[in-house]
Amino acid sequence: MNTTILLLLFAPLVGFLINTFFGKSLGKTISGVLGTTAIVVSFLCTISLFSQINTDGKAITFHLADWFSIGNIKINFSFLLDQLSVLWLLFVTGIGALIHLYSISYMHEDENMHKFFSYLNLFVFFMIALVAGSNLLIMFIGWEGVGLCSYLLIGFWYKNQDYNDAAKKAFIMNRIGDLGFLIGIFILGFHFQTLEFLEIKALLGKDLITPSLVSIAALCLFIGACGKSAQLPLATWLPDAMAGPTPVSALIHAATMVTAGIFMITRMNFLFDLTPEIQNVIAIVGAITAIVAASIGLVQNDIKKVLAYSTVSQLGLMFLALGLGAYEVAVFHVITHAFFKACLFLGSGSVIHALHGDQDMRNMGGLRKVMPITFWTMMISTLAISGIFPFSGFWSKDEILMTAFHSNIPLWVVGSIASIMTAFYMFRLMYLTFFNDFRGTEEQKHHLHESPALITIPLVILATLAAIGGAISLPGNSWLNHYLAPLFKKHEAHHLDGQAYMLMAIATVGALVGIGIAYSKYLKKKEIPVADSEVQGLHKVLSNKYYLDEIYMATIVKPIYMISNFAKKYVEKFISQAVIGLGGATYALSIKGKKIQNGNIGVYLFAFIFGMVGFLVYVFIIRDVK
């Protein structure tokens, strides 16, 4: 068992080290196969651990080493493999392995392919550490590690300055959230004298808490989750992160990094259950993020940007479920979303690959005939994300909306509207990309082809999971709820009564309305989105993302630049001149002082007598007076 856990943890790290130091000499194919094999090994180890935990239901604690102690706080380098972490590792390593396989073909023309696989391996290693860590500090190491790797991967094509800017934006905005997370860790460590999840849970069960401190800590942890999982107001980095290669988009934005915030809140569910006011904040922020991101996605023309805003919107729905205390429902949607969104991102990469890098849907169309595998896999995933029966997204999204309906009707309305928008913009993507006539150049048309097997095989596997993945949690017969039951307070399961059927019908009709509008505009009327320069009114507001970046630039970035320029021009100049002045004064005094050192014994005797007289005056007169 120890060997299995060590292989799970360190196989990706070994892959990273080998590719970093020897990848160039090994060649592209070997470096790609090596990186993929490392993740496959971790996936197989996860399956082994999953089968054991599923059989006996007991969590596994693996102590690797003692780390350090501060006062009464002892930090161990240890790992907790329970139902939640092993389930998360299944799709992190499983989908990660498929994305690595896909990348062997997709990145084969890149001269730095070995470096790409080393970054991917390092990313998965840190994600495993984040998920499997037994305490908040190990989680934070993984948390910062995936942030670093996302920076390296988003800016992988660093010769393009826009890509560098996108990487820096992602890194800085995540640091804002990470500061909140770190403050939350400090508060919990100070209050409970431990950072171990199980120990904090046990202490909370004894009512040895200060409610205000716990609420502040929960709010700080949520701020950290907002940064990593792209919730408003820290959501604008994720769409710009599409600058990275498409496999990066699939890995970061489908199954791993952006779900880290959801994992952290789910892991700390026992803390958030004691802070209903923070749960309300989480639900409201999630609902607002879902509808704002969905509305922006309505008008995007870059195929990857549509999927990026879709990711932000779906993450909002997951936070809505978390805020309502339905942790297992949020986990359910994380899993189904990992299946269909990874497929959609990789499918978009297949399209971009066929069009030699063109991502504008206005230049696509008619690809259904020449790319049938890509089309059908993306269509299945689109039906899933739109919430069409019986695909996986129907079941998970229905659970979220049903929970919202029973808890807060206004949030249910917001979530339902966001879901209708999702169906519209996803079928808008499909109609513009795959239907009607091809609108690209003759040269592009001449080279159109289906992608190779290393790209289509992962698409087929993910599309299959997107179709049948909902079976893990059917209403009234949920394997997932039963599996996760030891970790959460009992959550009322939704059974198929009359009200449940009514809510399902409303959600399905809403999705069909969104699909119908997209069909009328983009298939029947064959409308093509107008050029960016011709956009007006609300369309322009949505195209410019509600001017959030401009608002941040005007209210935060420019004032910081003004302060820094003022400090550089005046404060730094004053400090510099003061230091130079002190040095100059010291130098001038030294010039005068060294003239005394001239070898004249009379001067030395005078100084000696003068000093002795001063000493005697102090000892016998001044000190006695005091």
# chains A, B, ... in the order shown; residues from 1 in each chain; ligands from 1
call {"tool": "residues_around", "arguments": {"residues": "stretch 451-464 of chain A", "least_positions_apart": "6", "cutoff": "9 Å", "atoms": "only C-alpha atoms", "output": "MDAnalysis selection string"}}
result
chainID A and resid 95 98:99 101:106 338:344 346:347 349:351 353:354 371 373:374 376:381
call {"tool": "write_last_selection", "arguments": {"atoms": "C-alpha atoms", "output": "PDB file, in the first residue's frame"}}
result
ATOM      1  CA  ILE A  95      -8.573  12.879 -17.667  1.00  0.00           C
ATOM      2  CA  LEU A  98      -6.114  11.405 -21.825  1.00  0.00           C
ATOM      3  CA  ILE A  99      -4.965  15.012 -22.218  1.00  0.00           C
ATOM      4  CA  LEU A 101      -2.110  11.300 -24.847  1.00  0.00           C
ATOM      5  CA  TYR A 102      -3.847  13.968 -26.919  1.00  0.00           C
ATOM      6  CA  SER A 103      -0.858  16.310 -26.510  1.00  0.00           C
ATOM      7  CA  ILE A 104       1.568  13.817 -28.088  1.00  0.00           C
ATOM      8  CA  SER A 105      -0.043  14.523 -31.445  1.00  0.00           C
ATOM      9  CA  TYR A 106      -1.259  18.090 -30.862  1.00  0.00           C
ATOM     10  CA  ALA A 338     -14.866  17.332 -16.207  1.00  0.00           C
ATOM     11  CA  PHE A 339     -16.096  14.804 -18.773  1.00  0.00           C
ATOM     12  CA  PHE A 340     -17.989  17.050 -21.166  1.00  0.00           C
ATOM     13  CA  LYS A 341     -15.859  20.190 -20.820  1.00  0.00           C
ATOM     14  CA  ALA A 342     -12.583  18.310 -21.368  1.00  0.00           C
ATOM     15  CA  CYS A 343     -14.153  16.777 -24.476  1.00  0.00           C
ATOM     16  CA  LEU A 344     -15.325  20.188 -25.710  1.00  0.00           C
ATOM     17  CA  LEU A 346     -10.089  18.955 -26.866  1.00  0.00           C
ATOM     18  CA  GLY A 347     -12.691  18.995 -29.658  1.00  0.00           C
ATOM     19  CA  GLY A 349      -8.407  21.937 -30.344  1.00  0.00           C
ATOM     20  CA  SER A 350      -9.125  19.368 -33.065  1.00  0.00           C
ATOM     21  CA  VAL A 351     -10.992  22.047 -35.037  1.00  0.00           C
ATOM     22  CA  HIS A 353      -5.671  21.976 -35.555  1.00  0.00           C
ATOM     23  CA  ALA A 354      -7.579  21.398 -38.816  1.00  0.00           C
ATOM     24  CA  MET A 371     -14.580  15.974 -39.192  1.00  0.00           C
ATOM     25  CA  ILE A 373     -15.644  12.116 -35.058  1.00  0.00           C
ATOM     26  CA  THR A 374     -14.899  15.595 -33.733  1.00  0.00           C
ATOM     27  CA  TRP A 376     -20.268  13.790 -32.891  1.00  0.00           C
ATOM     28  CA  THR A 377     -18.127  13.796 -29.758  1.00  0.00           C
ATOM     29  CA  MET A 378     -18.608  17.559 -29.373  1.00  0.00           C
ATOM     30  CA  MET A 379     -22.342  17.208 -30.067  1.00  0.00           C
ATOM     31  CA  ILE A 380     -22.720  14.620 -27.300  1.00  0.00           C
ATOM     32  CA  SER A 381     -20.826  16.874 -24.881  1.00  0.00           C
TER      33      SER A 381
END
call {"tool": "residues_around", "arguments": {"residues": "A:His333", "least_positions_apart": "3", "cutoff": "12 Å", "atoms": "only C-alpha atoms", "output": "PyMOL selection string"}}
result
chain A and resi 254-255+259+262+311+314-322+326-330+336-341+384-385+387+392-401+466+469-470+472-473+480
call {"tool": "closest_residue", "arguments": {"among": "A:Phe615, A:Trp143, A:Phe116, A:Phe438", "to": "A:Lys369", "atoms": "only C-alpha atoms"}}
result
A:Phe438
call {"tool": "residues_around", "arguments": {"residues": "A:Val285", "least_positions_apart": "6", "cutoff": "12 Å", "atoms": "only C-alpha atoms", "output": "PDB file with all heavy atoms, in the first residue's frame"}}
result
ATOM      1  N   PHE A 222     -12.933  31.238   1.393  1.00  0.00           N
ATOM      2  CA  PHE A 222     -13.774  31.446   0.217  1.00  0.00           C
ATOM      3  C   PHE A 222     -13.131  32.417  -0.778  1.00  0.00           C
ATOM      4  O   PHE A 222     -13.225  32.233  -1.992  1.00  0.00           O
ATOM      5  CB  PHE A 222     -15.155  31.944   0.640  1.00  0.00           C
ATOM      6  CG  PHE A 222     -16.021  32.376  -0.519  1.00  0.00           C
ATOM      7  CD1 PHE A 222     -16.348  31.488  -1.530  1.00  0.00           C
ATOM      8  CD2 PHE A 222     -16.494  33.680  -0.602  1.00  0.00           C
ATOM      9  CE1 PHE A 222     -17.138  31.884  -2.607  1.00  0.00           C
ATOM     10  CE2 PHE A 222     -17.278  34.085  -1.668  1.00  0.00           C
ATOM     11  CZ  PHE A 222     -17.600  33.189  -2.672  1.00  0.00           C
ATOM     12  N   ILE A 223     -12.468  33.449  -0.256  1.00  0.00           N
ATOM     13  CA  ILE A 223     -11.756  34.391  -1.144  1.00  0.00           C
ATOM     14  C   ILE A 223     -10.683  33.629  -1.937  1.00  0.00           C
ATOM     15  O   ILE A 223     -10.507  33.845  -3.141  1.00  0.00           O
ATOM     16  CB  ILE A 223     -11.137  35.534  -0.330  1.00  0.00           C
ATOM     17  CG1 ILE A 223     -12.240  36.424   0.251  1.00  0.00           C
ATOM     18  CG2 ILE A 223     -10.185  36.364  -1.191  1.00  0.00           C
ATOM     19  CD1 ILE A 223     -11.744  37.461   1.243  1.00  0.00           C
ATOM     20  N   ALA A 225     -10.813  30.499  -2.721  1.00  0.00           N
ATOM     21  CA  ALA A 225     -11.532  29.682  -3.702  1.00  0.00           C
ATOM     22  C   ALA A 225     -11.999  30.521  -4.885  1.00  0.00           C
ATOM     23  O   ALA A 225     -11.996  30.057  -6.030  1.00  0.00           O
ATOM     24  CB  ALA A 225     -12.726  29.003  -3.032  1.00  0.00           C
ATOM     25  N   CYS A 226     -12.389  31.770  -4.640  1.00  0.00           N
ATOM     26  CA  CYS A 226     -12.819  32.665  -5.728  1.00  0.00           C
ATOM     27  C   CYS A 226     -11.688  32.893  -6.721  1.00  0.00           C
ATOM     28  O   CYS A 226     -11.920  32.922  -7.939  1.00  0.00           O
ATOM     29  CB  CYS A 226     -13.274  34.013  -5.161  1.00  0.00           C
ATOM     30  SG  CYS A 226     -14.919  33.992  -4.448  1.00  0.00           S
ATOM     31  N   SER A 229     -10.919  29.311  -8.510  1.00  0.00           N
ATOM     32  CA  SER A 229     -12.046  28.790  -9.291  1.00  0.00           C
ATOM     33  C   SER A 229     -12.780  29.879 -10.065  1.00  0.00           C
ATOM     34  O   SER A 229     -13.919  29.677 -10.490  1.00  0.00           O
ATOM     35  CB  SER A 229     -13.022  28.043  -8.371  1.00  0.00           C
ATOM     36  OG  SER A 229     -12.418  26.894  -7.823  1.00  0.00           O
ATOM     37  N   ALA A 230     -12.141  31.028 -10.236  1.00  0.00           N
ATOM     38  CA  ALA A 230     -12.612  32.084 -11.145  1.00  0.00           C
ATOM     39  C   ALA A 230     -14.044  32.525 -10.863  1.00  0.00           C
ATOM     40  O   ALA A 230     -14.912  32.486 -11.734  1.00  0.00           O
ATOM     41  CB  ALA A 230     -12.473  31.613 -12.596  1.00  0.00           C
ATOM     42  N   GLN A 231     -14.288  32.964  -9.627  1.00  0.00           N
ATOM     43  CA  GLN A 231     -15.581  33.555  -9.288  1.00  0.00           C
ATOM     44  C   GLN A 231     -15.426  35.070  -9.181  1.00  0.00           C
ATOM     45  O   GLN A 231     -14.360  35.579  -8.835  1.00  0.00           O
ATOM     46  CB  GLN A 231     -16.089  32.987  -7.953  1.00  0.00           C
ATOM     47  CG  GLN A 231     -16.343  31.487  -7.984  1.00  0.00           C
ATOM     48  CD  GLN A 231     -17.427  31.089  -8.966  1.00  0.00           C
ATOM     49  OE1 GLN A 231     -18.617  31.312  -8.724  1.00  0.00           O
ATOM     50  NE2 GLN A 231     -17.035  30.500 -10.088  1.00  0.00           N
ATOM     51  N   LEU A 232     -16.492  35.780  -9.486  1.00  0.00           N
ATOM     52  CA  LEU A 232     -16.453  37.238  -9.387  1.00  0.00           C
ATOM     53  C   LEU A 232     -16.115  37.648  -7.960  1.00  0.00           C
ATOM     54  O   LEU A 232     -16.584  37.018  -7.010  1.00  0.00           O
ATOM     55  CB  LEU A 232     -17.806  37.825  -9.801  1.00  0.00           C
ATOM     56  CG  LEU A 232     -18.133  37.715 -11.290  1.00  0.00           C
ATOM     57  CD1 LEU A 232     -19.556  38.185 -11.541  1.00  0.00           C
ATOM     58  CD2 LEU A 232     -17.164  38.529 -12.136  1.00  0.00           C
ATOM     59  N   PRO A 233     -15.290  38.683  -7.785  1.00  0.00           N
ATOM     60  CA  PRO A 233     -14.725  39.576  -8.808  1.00  0.00           C
ATOM     61  C   PRO A 233     -13.370  39.129  -9.351  1.00  0.00           C
ATOM     62  O   PRO A 233     -12.700  39.913 -10.018  1.00  0.00           O
ATOM     63  CB  PRO A 233     -14.581  40.882  -8.025  1.00  0.00           C
ATOM     64  CG  PRO A 233     -14.231  40.441  -6.639  1.00  0.00           C
ATOM     65  CD  PRO A 233     -14.989  39.162  -6.399  1.00  0.00           C
ATOM     66  N   LEU A 234     -12.953  37.890  -9.088  1.00  0.00           N
ATOM     67  CA  LEU A 234     -11.623  37.421  -9.506  1.00  0.00           C
ATOM     68  C   LEU A 234     -11.724  36.440 -10.661  1.00  0.00           C
ATOM     69  O   LEU A 234     -10.945  35.494 -10.761  1.00  0.00           O
ATOM     70  CB  LEU A 234     -10.909  36.765  -8.316  1.00  0.00           C
ATOM     71  CG  LEU A 234     -10.677  37.646  -7.089  1.00  0.00           C
ATOM     72  CD1 LEU A 234     -10.039  36.845  -5.958  1.00  0.00           C
ATOM     73  CD2 LEU A 234      -9.799  38.853  -7.440  1.00  0.00           C
ATOM     74  N   ALA A 235     -12.674  36.674 -11.576  1.00  0.00           N
ATOM     75  CA  ALA A 235     -12.943  35.700 -12.637  1.00  0.00           C
ATOM     76  C   ALA A 235     -12.315  36.056 -13.972  1.00  0.00           C
ATOM     77  O   ALA A 235     -12.283  35.221 -14.881  1.00  0.00           O
ATOM     78  CB  ALA A 235     -14.461  35.552 -12.819  1.00  0.00           C
ATOM     79  N   ILE A 278     -21.756  32.840   5.676  1.00  0.00           N
ATOM     80  CA  ILE A 278     -20.757  32.709   4.612  1.00  0.00           C
ATOM     81  C   ILE A 278     -21.285  31.806   3.503  1.00  0.00           C
ATOM     82  O   ILE A 278     -21.027  32.039   2.315  1.00  0.00           O
ATOM     83  CB  ILE A 278     -19.426  32.165   5.165  1.00  0.00           C
ATOM     84  CG1 ILE A 278     -18.923  33.040   6.325  1.00  0.00           C
ATOM     85  CG2 ILE A 278     -18.379  32.094   4.072  1.00  0.00           C
ATOM     86  CD1 ILE A 278     -18.721  34.496   5.960  1.00  0.00           C
ATOM     87  N   GLN A 279     -22.042  30.788   3.856  1.00  0.00           N
ATOM     88  CA  GLN A 279     -22.667  29.937   2.838  1.00  0.00           C
ATOM     89  C   GLN A 279     -23.606  30.748   1.954  1.00  0.00           C
ATOM     90  O   GLN A 279     -23.663  30.542   0.733  1.00  0.00           O
ATOM     91  CB  GLN A 279     -23.416  28.782   3.497  1.00  0.00           C
ATOM     92  CG  GLN A 279     -22.508  27.684   4.037  1.00  0.00           C
ATOM     93  CD  GLN A 279     -23.296  26.486   4.549  1.00  0.00           C
ATOM     94  OE1 GLN A 279     -24.331  26.640   5.186  1.00  0.00           O
ATOM     95  NE2 GLN A 279     -22.809  25.299   4.264  1.00  0.00           N
ATOM     96  N   ILE A 291     -24.620  33.642 -14.088  1.00  0.00           N
ATOM     97  CA  ILE A 291     -25.420  34.368 -15.088  1.00  0.00           C
ATOM     98  C   ILE A 291     -24.596  35.425 -15.817  1.00  0.00           C
ATOM     99  O   ILE A 291     -24.788  35.664 -17.019  1.00  0.00           O
ATOM    100  CB  ILE A 291     -26.682  34.974 -14.426  1.00  0.00           C
ATOM    101  CG1 ILE A 291     -27.707  35.331 -15.504  1.00  0.00           C
ATOM    102  CG2 ILE A 291     -26.342  36.161 -13.550  1.00  0.00           C
ATOM    103  CD1 ILE A 291     -29.091  35.611 -14.965  1.00  0.00           C
ATOM    104  N   VAL A 292     -23.664  36.077 -15.122  1.00  0.00           N
ATOM    105  CA  VAL A 292     -22.813  37.083 -15.782  1.00  0.00           C
ATOM    106  C   VAL A 292     -21.927  36.410 -16.836  1.00  0.00           C
ATOM    107  O   VAL A 292     -21.834  36.889 -17.985  1.00  0.00           O
ATOM    108  CB  VAL A 292     -21.960  37.835 -14.743  1.00  0.00           C
ATOM    109  CG1 VAL A 292     -20.863  38.654 -15.431  1.00  0.00           C
ATOM    110  CG2 VAL A 292     -22.837  38.748 -13.898  1.00  0.00           C
ATOM    111  N   ALA A 293     -21.266  35.311 -16.472  1.00  0.00           N
ATOM    112  CA  ALA A 293     -20.397  34.625 -17.427  1.00  0.00           C
ATOM    113  C   ALA A 293     -21.199  34.053 -18.592  1.00  0.00           C
ATOM    114  O   ALA A 293     -20.758  34.109 -19.749  1.00  0.00           O
ATOM    115  CB  ALA A 293     -19.618  33.515 -16.719  1.00  0.00           C
ATOM    116  N   VAL A 312     -16.571  29.283 -16.498  1.00  0.00           N
ATOM    117  CA  VAL A 312     -16.824  30.197 -15.380  1.00  0.00           C
ATOM    118  C   VAL A 312     -18.280  30.071 -14.920  1.00  0.00           C
ATOM    119  O   VAL A 312     -18.579  30.026 -13.720  1.00  0.00           O
ATOM    120  CB  VAL A 312     -16.505  31.652 -15.781  1.00  0.00           C
ATOM    121  CG1 VAL A 312     -16.843  32.608 -14.638  1.00  0.00           C
ATOM    122  CG2 VAL A 312     -15.041  31.796 -16.164  1.00  0.00           C
ATOM    123  N   SER A 313     -19.194  29.998 -15.889  1.00  0.00           N
ATOM    124  CA  SER A 313     -20.619  29.883 -15.556  1.00  0.00           C
ATOM    125  C   SER A 313     -20.921  28.578 -14.829  1.00  0.00           C
ATOM    126  O   SER A 313     -21.646  28.568 -13.820  1.00  0.00           O
ATOM    127  CB  SER A 313     -21.445  29.978 -16.842  1.00  0.00           C
ATOM    128  OG  SER A 313     -22.824  29.905 -16.564  1.00  0.00           O
ATOM    129  N   LEU A 315     -18.834  26.750 -13.115  1.00  0.00           N
ATOM    130  CA  LEU A 315     -18.245  26.840 -11.776  1.00  0.00           C
ATOM    131  C   LEU A 315     -19.152  27.634 -10.842  1.00  0.00           C
ATOM    132  O   LEU A 315     -19.274  27.314  -9.652  1.00  0.00           O
ATOM    133  CB  LEU A 315     -16.867  27.500 -11.850  1.00  0.00           C
ATOM    134  CG  LEU A 315     -15.754  26.688 -12.511  1.00  0.00           C
ATOM    135  CD1 LEU A 315     -14.541  27.565 -12.781  1.00  0.00           C
ATOM    136  CD2 LEU A 315     -15.362  25.498 -11.647  1.00  0.00           C
ATOM    137  N   GLY A 316     -19.804  28.666 -11.380  1.00  0.00           N
ATOM    138  CA  GLY A 316     -20.773  29.423 -10.582  1.00  0.00           C
ATOM    139  C   GLY A 316     -21.902  28.543 -10.076  1.00  0.00           C
ATOM    140  O   GLY A 316     -22.328  28.658  -8.916  1.00  0.00           O
ATOM    141  N   LEU A 317     -22.400  27.650 -10.928  1.00  0.00           N
ATOM    142  CA  LEU A 317     -23.451  26.725 -10.501  1.00  0.00           C
ATOM    143  C   LEU A 317     -22.945  25.781  -9.408  1.00  0.00           C
ATOM    144  O   LEU A 317     -23.683  25.451  -8.470  1.00  0.00           O
ATOM    145  CB  LEU A 317     -23.959  25.920 -11.699  1.00  0.00           C
ATOM    146  CG  LEU A 317     -24.744  26.690 -12.762  1.00  0.00           C
ATOM    147  CD1 LEU A 317     -25.131  25.766 -13.911  1.00  0.00           C
ATOM    148  CD2 LEU A 317     -26.004  27.331 -12.169  1.00  0.00           C
ATOM    149  N   MET A 318     -21.696  25.359  -9.524  1.00  0.00           N
ATOM    150  CA  MET A 318     -21.132  24.495  -8.479  1.00  0.00           C
ATOM    151  C   MET A 318     -21.032  25.249  -7.155  1.00  0.00           C
ATOM    152  O   MET A 318     -21.342  24.678  -6.082  1.00  0.00           O
ATOM    153  CB  MET A 318     -19.741  24.001  -8.902  1.00  0.00           C
ATOM    154  CG  MET A 318     -19.736  23.141 -10.155  1.00  0.00           C
ATOM    155  SD  MET A 318     -18.051  22.806 -10.705  1.00  0.00           S
ATOM    156  CE  MET A 318     -18.311  22.452 -12.443  1.00  0.00           C
ATOM    157  N   PHE A 319     -20.634  26.517  -7.187  1.00  0.00           N
ATOM    158  CA  PHE A 319     -20.575  27.310  -5.962  1.00  0.00           C
ATOM    159  C   PHE A 319     -21.973  27.558  -5.407  1.00  0.00           C
ATOM    160  O   PHE A 319     -22.155  27.645  -4.192  1.00  0.00           O
ATOM    161  CB  PHE A 319     -19.854  28.635  -6.222  1.00  0.00           C
ATOM    162  CG  PHE A 319     -18.374  28.548  -6.060  1.00  0.00           C
ATOM    163  CD1 PHE A 319     -17.572  28.082  -7.091  1.00  0.00           C
ATOM    164  CD2 PHE A 319     -17.759  28.899  -4.870  1.00  0.00           C
ATOM    165  CE1 PHE A 319     -16.198  27.985  -6.942  1.00  0.00           C
ATOM    166  CE2 PHE A 319     -16.390  28.807  -4.701  1.00  0.00           C
ATOM    167  CZ  PHE A 319     -15.610  28.346  -5.744  1.00  0.00           C
ATOM    168  N   LEU A 320     -22.948  27.672  -6.278  1.00  0.00           N
ATOM    169  CA  LEU A 320     -24.334  27.788  -5.818  1.00  0.00           C
ATOM    170  C   LEU A 320     -24.712  26.561  -4.995  1.00  0.00           C
ATOM    171  O   LEU A 320     -25.295  26.686  -3.905  1.00  0.00           O
ATOM    172  CB  LEU A 320     -25.263  27.940  -7.026  1.00  0.00           C
ATOM    173  CG  LEU A 320     -26.771  27.878  -6.767  1.00  0.00           C
ATOM    174  CD1 LEU A 320     -27.208  28.960  -5.793  1.00  0.00           C
ATOM    175  CD2 LEU A 320     -27.543  28.005  -8.076  1.00  0.00           C
ATOM    176  N   ALA A 321     -24.362  25.383  -5.473  1.00  0.00           N
ATOM    177  CA  ALA A 321     -24.650  24.156  -4.725  1.00  0.00           C
ATOM    178  C   ALA A 321     -23.882  24.123  -3.405  1.00  0.00           C
ATOM    179  O   ALA A 321     -24.438  23.737  -2.361  1.00  0.00           O
ATOM    180  CB  ALA A 321     -24.301  22.937  -5.575  1.00  0.00           C
ATOM    181  N   LEU A 322     -22.617  24.530  -3.428  1.00  0.00           N
ATOM    182  CA  LEU A 322     -21.830  24.561  -2.190  1.00  0.00           C
ATOM    183  C   LEU A 322     -22.470  25.492  -1.167  1.00  0.00           C
ATOM    184  O   LEU A 322     -22.554  25.168   0.028  1.00  0.00           O
ATOM    185  CB  LEU A 322     -20.406  25.024  -2.482  1.00  0.00           C
ATOM    186  CG  LEU A 322     -19.499  24.099  -3.282  1.00  0.00           C
ATOM    187  CD1 LEU A 322     -18.177  24.791  -3.573  1.00  0.00           C
ATOM    188  CD2 LEU A 322     -19.260  22.786  -2.551  1.00  0.00           C
ATOM    189  N   GLY A 323     -22.905  26.668  -1.621  1.00  0.00           N
ATOM    190  CA  GLY A 323     -23.506  27.640  -0.710  1.00  0.00           C
ATOM    191  C   GLY A 323     -24.806  27.154  -0.106  1.00  0.00           C
ATOM    192  O   GLY A 323     -25.192  27.601   0.982  1.00  0.00           O
ATOM    193  N   LEU A 324     -25.464  26.239  -0.792  1.00  0.00           N
ATOM    194  CA  LEU A 324     -26.710  25.669  -0.270  1.00  0.00           C
ATOM    195  C   LEU A 324     -26.450  24.420   0.575  1.00  0.00           C
ATOM    196  O   LEU A 324     -27.399  23.759   1.021  1.00  0.00           O
ATOM    197  CB  LEU A 324     -27.651  25.326  -1.434  1.00  0.00           C
ATOM    198  CG  LEU A 324     -28.085  26.537  -2.281  1.00  0.00           C
ATOM    199  CD1 LEU A 324     -28.900  26.072  -3.483  1.00  0.00           C
ATOM    200  CD2 LEU A 324     -28.886  27.526  -1.447  1.00  0.00           C
ATOM    201  N   LEU A 411     -32.584  32.262  -6.373  1.00  0.00           N
ATOM    202  CA  LEU A 411     -31.357  31.650  -6.877  1.00  0.00           C
ATOM    203  C   LEU A 411     -31.681  30.573  -7.906  1.00  0.00           C
ATOM    204  O   LEU A 411     -30.926  30.386  -8.878  1.00  0.00           O
ATOM    205  CB  LEU A 411     -30.547  31.049  -5.719  1.00  0.00           C
ATOM    206  CG  LEU A 411     -29.963  32.046  -4.715  1.00  0.00           C
ATOM    207  CD1 LEU A 411     -29.182  31.305  -3.636  1.00  0.00           C
ATOM    208  CD2 LEU A 411     -29.066  33.069  -5.413  1.00  0.00           C
ATOM    209  N   VAL A 414     -32.261  32.431 -11.175  1.00  0.00           N
ATOM    210  CA  VAL A 414     -30.990  32.864 -11.774  1.00  0.00           C
ATOM    211  C   VAL A 414     -30.263  31.674 -12.394  1.00  0.00           C
ATOM    212  O   VAL A 414     -29.763  31.744 -13.523  1.00  0.00           O
ATOM    213  CB  VAL A 414     -30.093  33.545 -10.715  1.00  0.00           C
ATOM    214  CG1 VAL A 414     -28.701  33.817 -11.274  1.00  0.00           C
ATOM    215  CG2 VAL A 414     -30.731  34.841 -10.243  1.00  0.00           C
ATOM    216  N   GLY A 415     -30.201  30.556 -11.668  1.00  0.00           N
ATOM    217  CA  GLY A 415     -29.538  29.366 -12.193  1.00  0.00           C
ATOM    218  C   GLY A 415     -30.223  28.828 -13.441  1.00  0.00           C
ATOM    219  O   GLY A 415     -29.562  28.393 -14.391  1.00  0.00           O
TER     220      GLY A 415
END
call {"tool": "atom_distance", "arguments": {"atom1": "atom CA of A:Ala308", "atom2": "atom CA of A:Ala38"}}
result
27.9 Å
call {"tool": "closest_atom_pairs", "arguments": {"of": "stretch 249-368 of chain A", "to": "stretch 175-196 of chain A", "cutoff": "12 Å", "atoms": "only C-alpha atoms", "output": "CSV"}}
result
residue,atom,partner,partner_atom,distance
A:Ala260,CA,A:Asp178,CA,11.9
A:Gly261,CA,A:Phe181,CA,10.0
A:Met264,CA,A:Phe181,CA,10.0
A:Ile265,CA,A:Phe181,CA,11.1
A:Arg267,CA,A:Glu196,CA,11.4
A:Met268,CA,A:Glu196,CA,10.8
A:Leu271,CA,A:Leu188,CA,10.2
call {"tool": "closest_atom_pairs", "arguments": {"of": "stretch 187-301 of chain A", "to": "stretch 525-532 of chain A", "cutoff": "10 Å", "atoms": "only C-alpha atoms", "output": "Markdown table"}}
result
| residue | atom | partner | partner_atom | distance |
| --- | --- | --- | --- | --- |
| A:Val299 | CA | A:Pro529 | CA | 8.1 |
| A:Gln300 | CA | A:Pro529 | CA | 9.1 |
| A:Asn301 | CA | A:Pro529 | CA | 7.5 |
call {"tool": "closest_residue", "arguments": {"among": "A:Phe375, A:Trp412, A:Tyr425, A:Phe608", "to": "A:Glu450", "atoms": "only C-alpha atoms"}}
result
A:Phe375
call {"tool": "residues_around", "arguments": {"residues": "A:Leu298", "least_positions_apart": "2", "cutoff": "12 Å", "atoms": "only C-alpha atoms", "output": "number ranges by chain"}}
result
A: 291-296, 300-303, 305-310, 313, 418-429, 514, 517-518, 529, 538-545
call {"tool": "atom_distance", "arguments": {"atom1": "atom CA of A:Ala170", "atom2": "atom CA of A:Ser150"}}
result
7.9 Å
call {"tool": "decode", "arguments": {"residues": "stretch 263-278 of chain A", "atoms": "C-alpha atoms", "output": "PDB file, in the first residue's frame"}}
result
ATOM      1  CA  PHE A 263     -12.471  20.819  -3.519  1.00  0.00           C
ATOM      2  CA  MET A 264     -11.150  23.013  -0.700  1.00  0.00           C
ATOM      3  CA  ILE A 265     -14.615  24.154   0.379  1.00  0.00           C
ATOM      4  CA  THR A 266     -15.903  20.590   0.136  1.00  0.00           C
ATOM      5  CA  ARG A 267     -12.965  19.324   2.184  1.00  0.00           C
ATOM      6  CA  MET A 268     -13.678  21.992   4.834  1.00  0.00           C
ATOM      7  CA  ASN A 269     -17.449  21.385   4.763  1.00  0.00           C
ATOM      8  CA  PHE A 270     -17.528  20.936   8.548  1.00  0.00           C
ATOM      9  CA  LEU A 271     -16.265  24.524   8.910  1.00  0.00           C
ATOM     10  CA  PHE A 272     -18.658  26.095   6.394  1.00  0.00           C
ATOM     11  CA  ASP A 273     -21.646  24.254   7.899  1.00  0.00           C
ATOM     12  CA  LEU A 274     -21.076  26.331  11.050  1.00  0.00           C
ATOM     13  CA  THR A 275     -21.118  29.625   9.113  1.00  0.00           C
ATOM     14  CA  PRO A 276     -24.492  29.908   7.316  1.00  0.00           C
ATOM     15  CA  GLU A 277     -23.889  33.594   6.618  1.00  0.00           C
ATOM     16  CA  ILE A 278     -20.757  32.709   4.612  1.00  0.00           C
TER      17      ILE A 278
END
